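K.L.:
Structure incoming, see below.
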Amino acid sequence: MEAIKTLKYARRFYSQKELAEYLGVCPRTVGRMESGQTEVRRAYHVAICELLRHGHSNGRGEDQFTFIDLFAGIGGLRLAFESAGGKCVFTSEWDKYAAKTYQVNFADDHEIAGDITKVPVEAIPDHDILVAGFPCQPFSIAGVSKKNALNRPHGFRDRTQGTLFFDVARIIEAKRPKAFLLENVKNLRSHDRGRTFEIIMATLEDELGYKVSYRVLDAKPFVPQHRERIVIVGARDGVAFDFDDIDIPDGKPPCLADILHPENGREPAEPPYTEGPKAKVANKYILTDHLWRYLQDYARKHRERGNGFGFGLVGPDDVARTLSARYYKDGSEILVRRPSGNPRRLTPRECARLMGFPDSFQIPVSDTQAYKQFGNSVAVPVFSAVAKEMARQIIGLEDHIPPNEMLQEVG
């Protein structure tokens with residue numbers, strides 16, 4: 001079972017064809033192993049583990065392009081771009097708890113810069129790709145005509161000053177990377193009646209001169225979570241990024257059984273999340289009678305008013321709602337059904353899995369901070385697929401998985 005679980009995790013980052021070429025088998029064999037029809041031989045299991053370790057440390061083979069990680073959070077986008085062969089040369093994250101998690105998981109030759117608004121562009125290394133999950137702050141286009149008349153600065157310096165997007169724009173202007181990837185909530189397009197997105201696109205295309213494509217991507221084909229995010233990709237020199245080439249899994253989507261603690265001894269206990277010989281989920285994640293009664297009453301009240309507010313009760317065969325940064329409050333959007341008694345929250349480790357982070361990812365912070373961090377992060381496999389295509393289409397790298405001598409050593 002552990003070998004199949006590892007294979008399924010690897011499929012979030014690599015297609016059947018890629019894994020087949022890596023293992024020296026046909027794609028159909030990978031499919032049979034994934035479905036349990038064919039045993040995952042020990043040699044294959046070891047090889048896949050090595051590939052995942054290699055891919056999450058310094059990419060596929062040697063580093064093939066450089067990138068910077070702005071508004072980095074806990075490093076979800078970094079994992080994605082490293083899996084495509086990138087080397088991170090600069091990181092910025094202002095939240096001290098997120099920075100702590102980031103530092104524990106990435107051994108860097110550079111320090112994490114804090115508030116990006118205080119970092120001069122001269123302190124930022126040259127790079128091939130700028131990566132940023134920038135927060136959405138209010139924009140305003142009022143007063144531009146008046147400032148024109150007064151001969152004051154305009155363009156993105158005027159319209160985006162005071163927003164964090166301004167700092168993304170000033171770095172792009174100064175460093176002229178080959179490409180950038182920006183990530184935000186789906187509703188960025190409709191924020192302020194569409195004016196925010198209009199300013200962003202005008203800045204990136206008309207003023208900075210990049211060819212920009214965007215698409216709303218759902219994480220559901222990659223992880224058992226309905227999570228829509230807008231992905232904006234820009235390329236220099238007139239290159240147009242084609243989202244249609246992204247390798248999106250088209251088989252049976254994952255379900256929560258893939259990320260939930262099995263609670264039967266198949267995985268070792270991980271205190272404080274699981275405990276005992278069967279690695280049962282700790283009791284602290286089970287809702288109290290008071291909280292469970294409150295959530296049911298709250299949902300009932302809103303149903304009677306014709307509203308859709310309420311909790312999301314799920315089981316192993318289901319797909320979760322979007323994990324949010326407020327999950328630490330009551331866990332109401334994703335409550336796990338239990339055979340008896342009150343439902344429970346996801347553990348932070350299950351949240352990490354739900355976002356596509358490997359089990360080797362360390363969680364050095366409190367549960368409250370961990371829930372906030374994973375709720376604010378990205379679904380890693382989604383952006384791994386995007387990063388791989390950016391490396392191919394824009395940087396000019398062909399797909400490359402290093403040959404694996406371990407097959408001969410173990411097989």
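Residues in the structure tokens are numbered from 1 in each chain, the chains being A, B, ... in the order shown, and ligands are numbered from 1 in the order shown.
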For Ser332 in chain A, work out the shell of residues within 9 Å, counting only C-alpha atoms and skipping chain neighbours fewer than 4 positions away, then give it as a list in words.
P.N.:
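Within the cut-off, the hits are Leu295, Gly310, Phe311, Gly312, Leu313, Tyr327 and Arg345 of chain A.
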K.L.:
Can you pull out every residue within 12 Å of Asp367 in chain A, counting only C-alpha atoms, but drop anything in the same chain fewer than 5 positions away, and send it as a tab-separated table (two decimals) with C-alpha atoms, in the first residue's frame?
P.N.:
chain	number	residue	atom	x	y	z
A	97	TYR	CA	5.82	32.34	11.19
A	272	PRO	CA	0.99	15.60	17.96
A	273	TYR	CA	-1.24	14.78	14.97
A	284	LYS	CA	-7.94	17.28	20.11
A	285	TYR	CA	-9.01	17.36	16.45
A	325	ALA	CA	-6.71	30.54	6.08
A	326	ARG	CA	-9.62	30.73	8.54
A	327	TYR	CA	-9.69	26.94	8.96
A	328	TYR	CA	-8.10	27.32	12.39
A	329	LYS	CA	-11.27	28.97	13.73
A	331	GLY	CA	-12.72	23.87	10.62
A	345	ARG	CA	-10.93	18.71	11.70
A	346	LEU	CA	-8.15	17.79	9.33
A	347	THR	CA	-4.79	17.62	11.04
A	348	PRO	CA	-2.10	20.01	9.79
A	349	ARG	CA	-0.37	17.04	8.12
A	350	GLU	CA	-3.58	16.23	6.23
A	351	CYS	CA	-3.83	19.91	5.22
A	352	ALA	CA	-0.28	19.69	3.89
A	372	LYS	CA	-3.26	29.64	8.23
A	373	GLN	CA	-0.14	28.78	6.24
A	374	PHE	CA	-1.58	25.89	4.28
A	375	GLY	CA	-4.84	27.78	3.73
K.L.:
Quick check, in Å to one decimal: how far apart do CA of Arg344 in chain A and CA of His226 in chain A lie?
P.N.:
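That distance, rounded to one decimal, is 19.5 Å.
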K.L.:
Calculated over only C-alpha atoms, which of the candidates A:Asp109, A:Asp317, A:Asp250, A:Asp128 has the smallest distance to Ile172 in chain A?
P.N.:
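Checking each of A:Asp109, A:Asp317, A:Asp250, A:Asp128 against Ile172 in chain A, counting only C-alpha atoms, the winner is A:Asp128.
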K.L.:
What lies within 12 Å of Thr101 in chain A using only C-alpha atoms, ignoring chain neighbours under 3 positions off, as a PyMOL selection string?
P.N.:
chain A and resi 72-76+93+95-98+104-107+112+361-366+369-370+372-374
K.L.:
I'd like the contact shell of range 77-81 of chain A - 9 Å cut-off, only C-alpha atoms, skipping same-chain residues fewer than 4 positions apart - returned as a PyMOL selection string.
P.N.:
chain A and resi 13+55-57+59+67-69+72-73+85-88+131-133+357+377-388+391
K.L.:
Which is closer to Gly315 in chain A than all the others in A:Gly209, A:Pro224, A:Gly36, A:Gly238, using only C-alpha atoms?
P.N.:
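For Gly315 in chain A, the nearest of the candidates is A:Pro224.
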K.L.:
Using only C-alpha atoms, determine which residues lie at most 7 Å from Arg236 in chain A, disregarding the query and same-chain residues fewer than 2 positions distant; provide the list as a compact mmCIF listing (two decimals) with N, CA and C atoms, in the first residue's frame.
P.N.:
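Resulting contents of selection-v6.txt:
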# COMPACT_ATOMS: atom_id res chain seq x y z
N LYS A 178 12.93 36.74 -18.12
CA LYS A 178 12.35 36.13 -19.31
C LYS A 178 10.85 35.91 -19.15
N ALA A 179 10.43 35.65 -17.92
CA ALA A 179 9.02 35.33 -17.70
C ALA A 179 8.66 35.60 -16.25
N TYR A 210 5.23 42.79 -21.83
CA TYR A 210 5.23 41.33 -21.81
C TYR A 210 3.98 40.79 -22.50
N LYS A 211 4.13 39.62 -23.09
CA LYS A 211 2.99 38.92 -23.67
C LYS A 211 2.36 38.11 -22.54
N GLY A 234 3.45 35.66 -17.89
CA GLY A 234 3.93 36.62 -18.87
C GLY A 234 5.29 36.23 -19.40
N GLY A 238 7.77 38.62 -26.91
CA GLY A 238 6.64 38.22 -27.73
C GLY A 238 6.24 36.77 -27.66
N VAL A 239 6.81 36.00 -26.74
CA VAL A 239 6.46 34.59 -26.60
C VAL A 239 5.11 34.49 -25.90
K.L.:
Could you pull out the strand (DSSP E) residues of range 221-305 of chain A from DSSP and send them as a VMD selection string?
P.N.:
chain A and resid 228 to 235 274 to 275 280 to 281
K.L.:
Restricting the calculation to only C-alpha atoms, which member of A:Thr288, A:Ser83, A:Gln393, A:Asn184 is positioned closest to Phe241 in chain A?
P.N.:
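Using only C-alpha atoms, the shortest distance to Phe241 in chain A belongs to A:Gln393.
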K.L.:
For a quick check of understanding, using only C-alpha atoms, which of A:Leu260, A:Thr368, A:Gly24, A:His290 has the smallest distance to Arg338 in chain A?
P.N.:
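With only C-alpha atoms as the atom set, the closest residue is A:Leu260.
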K.L.:
In Å to one decimal, how far is CA of Ile395 in chain A from CA of Lys8 in chain A?
P.N.:
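CA of Ile395 in chain A lies at a distance of 28.4 Å from CA of Lys8 in chain A.
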K.L.:
Could you list, as an MDAnalysis selection string, every residue within 12 Å of Val212 in chain A, counting only C-alpha atoms and ignoring same-chain residues fewer than 2 positions away?
P.N.:
chainID A and resid 179:182 200:206 208:210 214:215 231:243
